Amino acid sequence: MAMSTKPGSDMNDDLALLGLMQLVSPALPIGAFAWSQGLESAFELGWVKDEESLGEWLTGVLDDGLARCELPVLIRLQGAWAAADDETVGYWDDWLHANRETAELAAEDMRLGASLTRLLGSLQLLPEASMMPRDAGYVTVFAWAAHVRGVPVRQTLLGFAWSWLENQLAVACKALPLGHTAAQRLVERLRPALVEAVDMALSLKDEELGPVLPGLALASALHETQYSRLFRS
Amino acid sequence: MTAFESLDATASMDSGHRFDEKRRWAASLALAFEARQESGPLVTRLTRARHQGPLRVQRPFYPEGQADACHVYLLHPPGGLVSGDELSIEATVGNGAHALLTTPAAAKLYKADSHGVAWAQHTRLRVDDGGILEWLPQETLCFDGSRGEQRTTIDLAGSARCLGWEIMALGRPASRLPFASGRVEQRFCLTRNGRPLWLERQPLDPQHPRFQGRWGQGGATVQATLWAVGLEDDQAVAALREALPAAPYWAVTQRHGVLLLRYLGQERNQAWDLCQHAWEVLRPLLTGRQACVPRIWLT
């Protein structure tokens with residue numbers, strides 16, 4: 001039997017993994033379920049209408065969004081938190097805000113960031129007040145939480161991408177609607193893509209970063225005037 | 001290194017006359033506008049127009065009256081960019097000054113040479129506290145096989161106001177020559193007091209899945225991005241939604257104090273009309289002046 005499977009062999013690794021699962025759980029009370037990141041608008045526009053087109057949309061957003069924006073910036077932010085480098089934390093927090101394409105995508109980032117900050121505060125898990133940027137975005141606070149839990153960076157990225165996928169599928173189950181078995185088929189289809197997105201995020205240089213989602217940006221801005229809607233973005 | 005040597009090095013780099021991978025033809029233009037107290041009210045004067053290579057300005061003029069915006073046409077006689085071209089345009093608007101810049105014709109981005117050498121265009125707009133800049137170039141036509149990067153940097157200080165756009169049409173639909181190869185990237189960076197408020201990149205690569213994918217370009221061959229900073233919260237967004245007929249090919253939003261109107265479609269005229277109409281709605285809100293359509297657009 002391999003060493004790592006012995007009970008109690010690596011208490012810190014186990015606690016880090018559980019900490020990550022807590023952070024990416026849909027039960028984490030930060031209200032992530034209320035936001036669709038433009039997906040609800042893509043339904044309304046008829047751009048996403050079934051399992052197949054949803055799979056394409058998610059693969060595209062993963063490749064051109066998360067892999068070039070949130071995931072590589074998580075690496076930089078978690079590194080900056082580990083080094084107690086608040087200037088670099090502030091730089092990437094500003095960078096993320098400036099890259100949010102629309103009012104709703106900017107609001108989602110700030111609201112989730114504020115909710116996660118409040119939650120961590122009530123668990124006595126926040127850094128010194130001076131370290132956390134004002135109006136810190138979700139990714140910035142998530143990176144801090146991963147850092148205090150001692151989560152290895154690669155797993156932080158996998159966890160973040162996983163919670164994004166679960167949340168997007170929950171949106172589709174509610175609003176498309178998509179069947180729960182179809183959602184699991186999409187998980188199967190996208191699992192390797194999550195790993196590829198993390199690999200790509202780890203390979204990108206600073207000047208290569210930035211989301212490339214013009215269609216999603218248009219959909220998200222159109223969502224502001226969508227007549228009937230369940231989600232806040 | 002002496003100043004002489006450094007000048008010499010620049011000169012030999014810029015002289016061109018080579019057609020290999022190091023092909024490089026630089027042209028630059030640096031403009032400065034300042035408000036001057038002359039006999040009557042403040043007048044915006046073009047106080048510097050330094051150019052190198054084939055980039056020029058026409059004499060500034062004042063179609064709205066001397067106390068209003070200073071209009072300037074930017075001229076690039078070659079009319080387009082080929083491999084190795086490096087265009088640098090800089091405009092600085094001082095406190096109390098108001099400048100409107102446009103171009104007399106569409107700019108063209110030509111197919112890359114056999115070495116695939118890219119062109120580059122960098123526009124740097126700086127507006128001081130209390131200044132106003134309108135950046136309204138005619139559209140860019142990007143031909144099949146073109147390679148390069150078009151970068152727009154907007155640095156604002158304090159209460160500076162700025163409205164601008166970039167409109168790009170891909171391929172030559174009339175000649176049935178779509179943009180099927182090459183790679184062009186548009187980048188925007190807008191800061192206020194050094195802090196980034198809007199960063200965006202739009203790589204246009206016809207071979208990439210996003211070129212057809214709905215999350216990306218969605219098969220659009222014409223795109224436009226209009227920005228405006230210095231407007232009251234949300235009033236402008238509501239005014240645009242009121243004035244311009246709703247359609248799935250355009251949308252407007254405002255985030256971090258920057259209004260962004262985006263178009264993704266197939267028609268150059270549709271994109272142009274949308275941007276011009278939006279500018280006509282926004283200008284009174286932004287500057288307290290009605291839009292004064294540059295006559296050169298009508299020719």
# chains A, B, ... in the order shown; residues from 1 in each chain; ligands from 1
$ interface_residues --of "chain B" --to "chain A" --cutoff "8 Å" --atoms "only C-alpha atoms" --output "MDAnalysis selection string"
chainID B and resid 195:203 209:210 213:218 248:256 260 262:264
$ residues_around --residues "Arg111 (chain A)" --least-positions-apart "5" --cutoff "12 Å" --atoms "only C-alpha atoms" --output "PDB file with N, CA, C and O atoms, in the first residue's frame"
ATOM      1  N   ILE A  30     -22.260  32.582   0.098  1.00  0.00           N
ATOM      2  CA  ILE A  30     -21.883  33.879  -0.465  1.00  0.00           C
ATOM      3  C   ILE A  30     -22.815  34.277  -1.607  1.00  0.00           C
ATOM      4  O   ILE A  30     -22.623  35.312  -2.240  1.00  0.00           O
ATOM      5  N   GLY A  31     -23.809  33.453  -1.892  1.00  0.00           N
ATOM      6  CA  GLY A  31     -24.821  33.828  -2.880  1.00  0.00           C
ATOM      7  C   GLY A  31     -24.400  33.665  -4.324  1.00  0.00           C
ATOM      8  O   GLY A  31     -24.959  34.300  -5.222  1.00  0.00           O
ATOM      9  N   ALA A  32     -23.414  32.778  -4.591  1.00  0.00           N
ATOM     10  CA  ALA A  32     -22.936  32.599  -5.971  1.00  0.00           C
ATOM     11  C   ALA A  32     -24.060  32.121  -6.902  1.00  0.00           C
ATOM     12  O   ALA A  32     -24.040  32.409  -8.097  1.00  0.00           O
ATOM     13  N   ALA A  34     -26.857  33.172  -7.408  1.00  0.00           N
ATOM     14  CA  ALA A  34     -27.713  34.230  -7.959  1.00  0.00           C
ATOM     15  C   ALA A  34     -27.151  34.826  -9.257  1.00  0.00           C
ATOM     16  O   ALA A  34     -27.788  35.664  -9.879  1.00  0.00           O
ATOM     17  N   TRP A  35     -25.943  34.402  -9.658  1.00  0.00           N
ATOM     18  CA  TRP A  35     -25.274  35.035 -10.796  1.00  0.00           C
ATOM     19  C   TRP A  35     -25.054  34.027 -11.920  1.00  0.00           C
ATOM     20  O   TRP A  35     -24.662  32.898 -11.656  1.00  0.00           O
ATOM     21  N   ALA A 103     -21.384  46.140 -16.407  1.00  0.00           N
ATOM     22  CA  ALA A 103     -21.806  46.512 -15.054  1.00  0.00           C
ATOM     23  C   ALA A 103     -22.132  45.267 -14.222  1.00  0.00           C
ATOM     24  O   ALA A 103     -21.754  45.171 -13.049  1.00  0.00           O
ATOM     25  N   GLU A 104     -22.836  44.303 -14.821  1.00  0.00           N
ATOM     26  CA  GLU A 104     -23.241  43.127 -14.049  1.00  0.00           C
ATOM     27  C   GLU A 104     -22.065  42.217 -13.707  1.00  0.00           C
ATOM     28  O   GLU A 104     -22.001  41.653 -12.614  1.00  0.00           O
ATOM     29  N   LEU A 105     -21.127  42.083 -14.644  1.00  0.00           N
ATOM     30  CA  LEU A 105     -19.961  41.246 -14.359  1.00  0.00           C
ATOM     31  C   LEU A 105     -19.078  41.911 -13.305  1.00  0.00           C
ATOM     32  O   LEU A 105     -18.504  41.232 -12.448  1.00  0.00           O
ATOM     33  N   ALA A 106     -19.020  43.241 -13.341  1.00  0.00           N
ATOM     34  CA  ALA A 106     -18.266  43.970 -12.311  1.00  0.00           C
ATOM     35  C   ALA A 106     -18.957  43.834 -10.961  1.00  0.00           C
ATOM     36  O   ALA A 106     -18.310  43.605  -9.928  1.00  0.00           O
ATOM     37  N   LEU A 116     -17.663  37.008   0.548  1.00  0.00           N
ATOM     38  CA  LEU A 116     -16.631  36.079   1.020  1.00  0.00           C
ATOM     39  C   LEU A 116     -15.771  36.746   2.093  1.00  0.00           C
ATOM     40  O   LEU A 116     -15.387  36.104   3.078  1.00  0.00           O
ATOM     41  N   THR A 117     -15.531  38.041   1.938  1.00  0.00           N
ATOM     42  CA  THR A 117     -14.768  38.774   2.961  1.00  0.00           C
ATOM     43  C   THR A 117     -15.517  38.755   4.297  1.00  0.00           C
ATOM     44  O   THR A 117     -14.930  38.505   5.356  1.00  0.00           O
ATOM     45  N   ARG A 118     -16.835  39.012   4.240  1.00  0.00           N
ATOM     46  CA  ARG A 118     -17.649  38.993   5.467  1.00  0.00           C
ATOM     47  C   ARG A 118     -17.620  37.625   6.124  1.00  0.00           C
ATOM     48  O   ARG A 118     -17.445  37.490   7.334  1.00  0.00           O
ATOM     49  N   ASP A 135     -12.833  47.093  -1.555  1.00  0.00           N
ATOM     50  CA  ASP A 135     -13.694  46.488  -2.581  1.00  0.00           C
ATOM     51  C   ASP A 135     -12.989  45.353  -3.327  1.00  0.00           C
ATOM     52  O   ASP A 135     -13.088  45.236  -4.553  1.00  0.00           O
ATOM     53  N   ALA A 136     -12.273  44.537  -2.584  1.00  0.00           N
ATOM     54  CA  ALA A 136     -11.547  43.433  -3.213  1.00  0.00           C
ATOM     55  C   ALA A 136     -12.508  42.523  -3.966  1.00  0.00           C
ATOM     56  O   ALA A 136     -13.597  42.216  -3.489  1.00  0.00           O
ATOM     57  N   GLY A 137     -12.107  42.100  -5.142  1.00  0.00           N
ATOM     58  CA  GLY A 137     -12.938  41.214  -5.956  1.00  0.00           C
ATOM     59  C   GLY A 137     -12.888  39.781  -5.440  1.00  0.00           C
ATOM     60  O   GLY A 137     -12.043  39.420  -4.606  1.00  0.00           O
ATOM     61  N   TYR A 138     -13.797  38.964  -5.957  1.00  0.00           N
ATOM     62  CA  TYR A 138     -13.951  37.579  -5.519  1.00  0.00           C
ATOM     63  C   TYR A 138     -12.651  36.796  -5.660  1.00  0.00           C
ATOM     64  O   TYR A 138     -12.247  36.067  -4.744  1.00  0.00           O
ATOM     65  N   VAL A 139     -11.974  36.945  -6.808  1.00  0.00           N
ATOM     66  CA  VAL A 139     -10.762  36.158  -7.061  1.00  0.00           C
ATOM     67  C   VAL A 139      -9.674  36.509  -6.040  1.00  0.00           C
ATOM     68  O   VAL A 139      -8.950  35.634  -5.557  1.00  0.00           O
ATOM     69  N   VAL A 141     -10.079  37.596  -2.936  1.00  0.00           N
ATOM     70  CA  VAL A 141     -10.398  37.049  -1.609  1.00  0.00           C
ATOM     71  C   VAL A 141     -10.281  35.525  -1.631  1.00  0.00           C
ATOM     72  O   VAL A 141      -9.804  34.909  -0.665  1.00  0.00           O
ATOM     73  N   ARG A 232     -28.879  37.664 -11.487  1.00  0.00           N
ATOM     74  CA  ARG A 232     -28.442  39.053 -11.412  1.00  0.00           C
ATOM     75  C   ARG A 232     -27.343  39.388 -12.418  1.00  0.00           C
ATOM     76  O   ARG A 232     -26.925  40.523 -12.513  1.00  0.00           O
ATOM     77  N   SER A 233     -26.865  38.388 -13.139  1.00  0.00           N
ATOM     78  CA  SER A 233     -25.895  38.656 -14.212  1.00  0.00           C
ATOM     79  C   SER A 233     -26.093  37.644 -15.337  1.00  0.00           C
ATOM     80  O   SER A 233     -26.716  36.614 -15.145  1.00  0.00           O
TER      81      SER A 233
END
$ atom_distance --atom1 "CA of Leu170 (chain B)" --atom2 "CA of Arg124 (chain B)"
23.6 Å
$ residues_around --residues "Pro72 (chain A)" --least-positions-apart "6" --cutoff "8 Å" --atoms "only C-alpha atoms" --output "PyMOL selection string"
chain A and resi 201-202+204+209
$ write_last_selection --atoms "N, CA, C and O atoms" --output "PDB file, in the first residue's frame"
ATOM      1  N   ALA A 201      -3.271  28.166 -17.946  1.00  0.00           N
ATOM      2  CA  ALA A 201      -3.134  29.297 -17.015  1.00  0.00           C
ATOM      3  C   ALA A 201      -1.723  29.333 -16.424  1.00  0.00           C
ATOM      4  O   ALA A 201      -1.136  30.396 -16.250  1.00  0.00           O
ATOM      5  N   LEU A 202      -1.173  28.157 -16.148  1.00  0.00           N
ATOM      6  CA  LEU A 202       0.160  28.090 -15.538  1.00  0.00           C
ATOM      7  C   LEU A 202       1.260  28.469 -16.525  1.00  0.00           C
ATOM      8  O   LEU A 202       2.371  28.789 -16.125  1.00  0.00           O
ATOM      9  N   LEU A 204       0.971  30.935 -19.041  1.00  0.00           N
ATOM     10  CA  LEU A 204       0.855  32.261 -19.663  1.00  0.00           C
ATOM     11  C   LEU A 204       1.713  33.312 -18.962  1.00  0.00           C
ATOM     12  O   LEU A 204       1.839  33.330 -17.745  1.00  0.00           O
ATOM     13  N   LEU A 209      -2.208  37.837 -20.719  1.00  0.00           N
ATOM     14  CA  LEU A 209      -3.432  37.685 -19.924  1.00  0.00           C
ATOM     15  C   LEU A 209      -4.536  38.635 -20.384  1.00  0.00           C
ATOM     16  O   LEU A 209      -4.280  39.682 -20.973  1.00  0.00           O
TER      17      LEU A 209
END
$ residues_around --residues "Phe143 (chain B)" --least-positions-apart "5" --cutoff "7 Å" --atoms "only C-alpha atoms" --output "list in words"
Leu109, Tyr110, Lys111, Leu170, Gly171, Arg172 and Phe179 of chain B
$ residues_around --residues "region 159-171 of chain A" --least-positions-apart "5" --cutoff "8 Å" --atoms "only C-alpha atoms" --output "PyMOL selection string"
chain A and resi 20-21+24-26+32-33+36+39-40+58+66+71+176+183+187+194
$ closest_residue --among "A:Arg154, A:Lys49, A:Lys174, A:Arg68" --to "Lys205 (chain A)" --atoms "only C-alpha atoms"
A:Arg68
$ select_by_dssp --residues "region 18-168 of chain B" --states "strand (DSSP E or B)" --output "ChimeraX atom specification"
/B:25-37,42-52,56-57,61,70-75,80-81,85-93,98-102,107-109,119-127,132-136,140-142,147-156,161-168
$ closest_residue --among "B:Cys275, B:Val82, B:Leu204, B:Ala246" --to "Trp135 (chain B)" --atoms "only C-alpha atoms"
B:Cys275
$ residues_around --residues "Leu87 (chain B)" --least-positions-apart "2" --cutoff "7 Å" --atoms "only C-alpha atoms" --output "ChimeraX atom specification"
/B:26-28,85,89,120-122
$ select_by_dssp --residues "region 85-201 of chain A" --states "helix (DSSP H, G or I)" --output "NGL selection string"
:A and (86-99 or 103-122 or 138-148 or 153-175 or 180-201)
$ write_last_selection --atoms "C-alpha atoms" --output "PDB file, in the first residue's frame"
ATOM      1  CA  ASP A  86       0.121  43.842  -0.665  1.00  0.00           C
ATOM      2  CA  GLU A  87       1.268  46.037  -3.557  1.00  0.00           C
ATOM      3  CA  THR A  88       1.110  43.087  -5.948  1.00  0.00           C
ATOM      4  CA  VAL A  89      -2.223  41.989  -4.460  1.00  0.00           C
ATOM      5  CA  GLY A  90      -3.558  45.502  -5.142  1.00  0.00           C
ATOM      6  CA  TYR A  91      -2.160  45.528  -8.681  1.00  0.00           C
ATOM      7  CA  TRP A  92      -3.927  42.302  -9.699  1.00  0.00           C
ATOM      8  CA  ASP A  93      -7.128  43.251  -7.893  1.00  0.00           C
ATOM      9  CA  ASP A  94      -7.228  46.516  -9.924  1.00  0.00           C
ATOM     10  CA  TRP A  95      -6.374  44.575 -13.075  1.00  0.00           C
ATOM     11  CA  LEU A  96      -9.298  42.205 -12.554  1.00  0.00           C
ATOM     12  CA  HIS A  97     -11.762  45.029 -11.910  1.00  0.00           C
ATOM     13  CA  ALA A  98     -10.572  46.824 -15.055  1.00  0.00           C
ATOM     14  CA  ASN A  99     -11.090  43.668 -17.129  1.00  0.00           C
ATOM     15  CA  ALA A 103     -21.806  46.512 -15.054  1.00  0.00           C
ATOM     16  CA  GLU A 104     -23.241  43.127 -14.049  1.00  0.00           C
ATOM     17  CA  LEU A 105     -19.961  41.246 -14.359  1.00  0.00           C
ATOM     18  CA  ALA A 106     -18.266  43.970 -12.311  1.00  0.00           C
ATOM     19  CA  ALA A 107     -21.055  43.835  -9.714  1.00  0.00           C
ATOM     20  CA  GLU A 108     -20.876  40.035  -9.477  1.00  0.00           C
ATOM     21  CA  ASP A 109     -17.168  40.181  -8.766  1.00  0.00           C
ATOM     22  CA  MET A 110     -17.525  42.882  -6.105  1.00  0.00           C
ATOM     23  CA  ARG A 111     -20.587  41.389  -4.387  1.00  0.00           C
ATOM     24  CA  LEU A 112     -19.085  37.905  -4.170  1.00  0.00           C
ATOM     25  CA  GLY A 113     -15.809  39.419  -2.977  1.00  0.00           C
ATOM     26  CA  ALA A 114     -17.640  41.372  -0.257  1.00  0.00           C
ATOM     27  CA  SER A 115     -19.686  38.309   0.812  1.00  0.00           C
ATOM     28  CA  LEU A 116     -16.631  36.079   1.020  1.00  0.00           C
ATOM     29  CA  THR A 117     -14.768  38.774   2.961  1.00  0.00           C
ATOM     30  CA  ARG A 118     -17.649  38.993   5.467  1.00  0.00           C
ATOM     31  CA  LEU A 119     -17.787  35.228   5.838  1.00  0.00           C
ATOM     32  CA  LEU A 120     -14.032  34.911   6.374  1.00  0.00           C
ATOM     33  CA  GLY A 121     -14.245  37.754   8.891  1.00  0.00           C
ATOM     34  CA  SER A 122     -16.838  35.906  10.942  1.00  0.00           C
ATOM     35  CA  TYR A 138     -13.951  37.579  -5.519  1.00  0.00           C
ATOM     36  CA  VAL A 139     -10.762  36.158  -7.061  1.00  0.00           C
ATOM     37  CA  THR A 140      -8.578  38.238  -4.740  1.00  0.00           C
ATOM     38  CA  VAL A 141     -10.398  37.049  -1.609  1.00  0.00           C
ATOM     39  CA  PHE A 142     -10.579  33.473  -2.910  1.00  0.00           C
ATOM     40  CA  ALA A 143      -6.785  33.515  -3.362  1.00  0.00           C
ATOM     41  CA  TRP A 144      -6.381  34.682   0.243  1.00  0.00           C
ATOM     42  CA  ALA A 145      -8.659  31.911   1.532  1.00  0.00           C
ATOM     43  CA  ALA A 146      -6.735  29.292  -0.462  1.00  0.00           C
ATOM     44  CA  HIS A 147      -3.501  30.699   0.944  1.00  0.00           C
ATOM     45  CA  VAL A 148      -4.603  30.550   4.609  1.00  0.00           C
ATOM     46  CA  VAL A 153      -1.739  26.529  -6.157  1.00  0.00           C
ATOM     47  CA  ARG A 154      -2.609  23.974  -8.822  1.00  0.00           C
ATOM     48  CA  GLN A 155      -5.430  22.658  -6.641  1.00  0.00           C
ATOM     49  CA  THR A 156      -6.656  26.195  -5.977  1.00  0.00           C
ATOM     50  CA  LEU A 157      -7.063  26.604  -9.734  1.00  0.00           C
ATOM     51  CA  LEU A 158      -8.774  23.247 -10.186  1.00  0.00           C
ATOM     52  CA  GLY A 159     -11.131  24.043  -7.314  1.00  0.00           C
ATOM     53  CA  PHE A 160     -11.971  27.494  -8.657  1.00  0.00           C
ATOM     54  CA  ALA A 161     -12.646  26.131 -12.153  1.00  0.00           C
ATOM     55  CA  TRP A 162     -14.714  23.292 -10.690  1.00  0.00           C
ATOM     56  CA  SER A 163     -16.942  25.632  -8.694  1.00  0.00           C
ATOM     57  CA  TRP A 164     -17.417  27.797 -11.809  1.00  0.00           C
ATOM     58  CA  LEU A 165     -18.517  24.745 -13.817  1.00  0.00           C
ATOM     59  CA  GLU A 166     -20.898  23.519 -11.111  1.00  0.00           C
ATOM     60  CA  ASN A 167     -22.431  26.957 -10.791  1.00  0.00           C
ATOM     61  CA  GLN A 168     -22.900  27.364 -14.554  1.00  0.00           C
ATOM     62  CA  LEU A 169     -24.540  23.930 -14.756  1.00  0.00           C
ATOM     63  CA  ALA A 170     -26.837  24.831 -11.852  1.00  0.00           C
ATOM     64  CA  VAL A 171     -27.869  27.951 -13.808  1.00  0.00           C
ATOM     65  CA  ALA A 172     -28.618  25.798 -16.858  1.00  0.00           C
ATOM     66  CA  CYS A 173     -30.602  23.253 -14.808  1.00  0.00           C
ATOM     67  CA  LYS A 174     -32.783  26.073 -13.481  1.00  0.00           C
ATOM     68  CA  ALA A 175     -33.192  28.279 -16.539  1.00  0.00           C
ATOM     69  CA  HIS A 180     -29.513  16.623 -14.106  1.00  0.00           C
ATOM     70  CA  THR A 181     -28.147  13.624 -15.995  1.00  0.00           C
ATOM     71  CA  ALA A 182     -27.305  15.849 -18.962  1.00  0.00           C
ATOM     72  CA  ALA A 183     -25.480  18.145 -16.533  1.00  0.00           C
ATOM     73  CA  GLN A 184     -23.397  15.189 -15.328  1.00  0.00           C
ATOM     74  CA  ARG A 185     -22.635  14.255 -18.947  1.00  0.00           C
ATOM     75  CA  LEU A 186     -21.290  17.782 -19.386  1.00  0.00           C
ATOM     76  CA  VAL A 187     -19.168  17.384 -16.255  1.00  0.00           C
ATOM     77  CA  GLU A 188     -17.671  14.265 -17.819  1.00  0.00           C
ATOM     78  CA  ARG A 189     -17.068  16.116 -21.067  1.00  0.00           C
ATOM     79  CA  LEU A 190     -15.511  19.165 -19.424  1.00  0.00           C
ATOM     80  CA  ARG A 191     -13.366  17.522 -16.739  1.00  0.00           C
ATOM     81  CA  PRO A 192     -10.350  17.169 -19.080  1.00  0.00           C
ATOM     82  CA  ALA A 193     -10.944  20.724 -20.318  1.00  0.00           C
ATOM     83  CA  LEU A 194     -10.662  22.017 -16.742  1.00  0.00           C
ATOM     84  CA  VAL A 195      -7.252  20.375 -16.438  1.00  0.00           C
ATOM     85  CA  GLU A 196      -6.154  21.847 -19.796  1.00  0.00           C
ATOM     86  CA  ALA A 197      -7.348  25.282 -18.714  1.00  0.00           C
ATOM     87  CA  VAL A 198      -5.256  25.034 -15.535  1.00  0.00           C
ATOM     88  CA  ASP A 199      -2.203  23.938 -17.546  1.00  0.00           C
ATOM     89  CA  MET A 200      -2.682  26.843 -19.909  1.00  0.00           C
ATOM     90  CA  ALA A 201      -3.134  29.297 -17.015  1.00  0.00           C
TER      91      ALA A 201
END
$ residues_around --residues "region 146-159 of chain B" --least-positions-apart "6" --cutoff "7 Å" --atoms "only C-alpha atoms" --output "ChimeraX atom specification"
/B:109-112,118-130,182-193,230
$ decode --residues "region 19-26 of chain A" --atoms "all heavy atoms" --output "short mmCIF file (atom, residue, chain, number, x, y, z; two decimals), in the first residue's frame"
data_model
loop_
_atom_site.label_atom_id
_atom_site.label_comp_id
_atom_site.auth_asym_id
_atom_site.auth_seq_id
_atom_site.Cartn_x
_atom_site.Cartn_y
_atom_site.Cartn_z
N GLY A 19 -10.32 22.17 3.32
CA GLY A 19 -10.50 23.62 3.26
C GLY A 19 -10.90 24.07 1.87
O GLY A 19 -11.76 24.93 1.69
N LEU A 20 -10.27 23.46 0.86
CA LEU A 20 -10.61 23.80 -0.53
C LEU A 20 -12.04 23.37 -0.85
O LEU A 20 -12.81 24.12 -1.46
CB LEU A 20 -9.63 23.12 -1.49
CG LEU A 20 -9.91 23.33 -2.98
CD1 LEU A 20 -9.78 24.80 -3.36
CD2 LEU A 20 -8.96 22.48 -3.84
N MET A 21 -12.42 22.16 -0.39
CA MET A 21 -13.78 21.67 -0.66
C MET A 21 -14.82 22.59 -0.02
O MET A 21 -15.87 22.87 -0.60
CB MET A 21 -13.93 20.22 -0.17
CG MET A 21 -13.19 19.24 -1.07
SD MET A 21 -12.86 17.65 -0.29
CE MET A 21 -14.41 16.82 -0.51
N GLN A 22 -14.49 23.07 1.16
CA GLN A 22 -15.40 24.02 1.85
C GLN A 22 -15.55 25.30 1.01
O GLN A 22 -16.65 25.82 0.82
CB GLN A 22 -14.81 24.35 3.22
CG GLN A 22 -15.65 25.33 4.03
CD GLN A 22 -14.92 25.77 5.29
OE1 GLN A 22 -13.72 25.53 5.46
NE2 GLN A 22 -15.65 26.41 6.19
N LEU A 23 -14.41 25.77 0.49
CA LEU A 23 -14.38 27.03 -0.24
C LEU A 23 -15.14 26.95 -1.57
O LEU A 23 -15.73 27.94 -2.02
CB LEU A 23 -12.91 27.42 -0.49
CG LEU A 23 -12.58 28.77 -1.10
CD1 LEU A 23 -13.10 29.91 -0.23
CD2 LEU A 23 -11.06 28.89 -1.27
N VAL A 24 -15.12 25.78 -2.22
CA VAL A 24 -15.76 25.67 -3.54
C VAL A 24 -17.13 25.02 -3.45
O VAL A 24 -17.77 24.77 -4.47
CB VAL A 24 -14.87 24.89 -4.55
CG1 VAL A 24 -13.51 25.56 -4.66
CG2 VAL A 24 -14.74 23.43 -4.17
N SER A 25 -17.60 24.74 -2.26
CA SER A 25 -18.90 24.09 -2.12
C SER A 25 -20.04 25.05 -2.48
O SER A 25 -20.01 26.22 -2.10
CB SER A 25 -19.07 23.61 -0.68
OG SER A 25 -20.42 23.27 -0.46
N PRO A 26 -21.06 24.55 -3.19
CA PRO A 26 -22.23 25.39 -3.47
C PRO A 26 -22.94 25.82 -2.18
O PRO A 26 -23.72 26.76 -2.20
CB PRO A 26 -23.15 24.49 -4.31
CG PRO A 26 -22.33 23.33 -4.71
CD PRO A 26 -21.17 23.21 -3.77
#
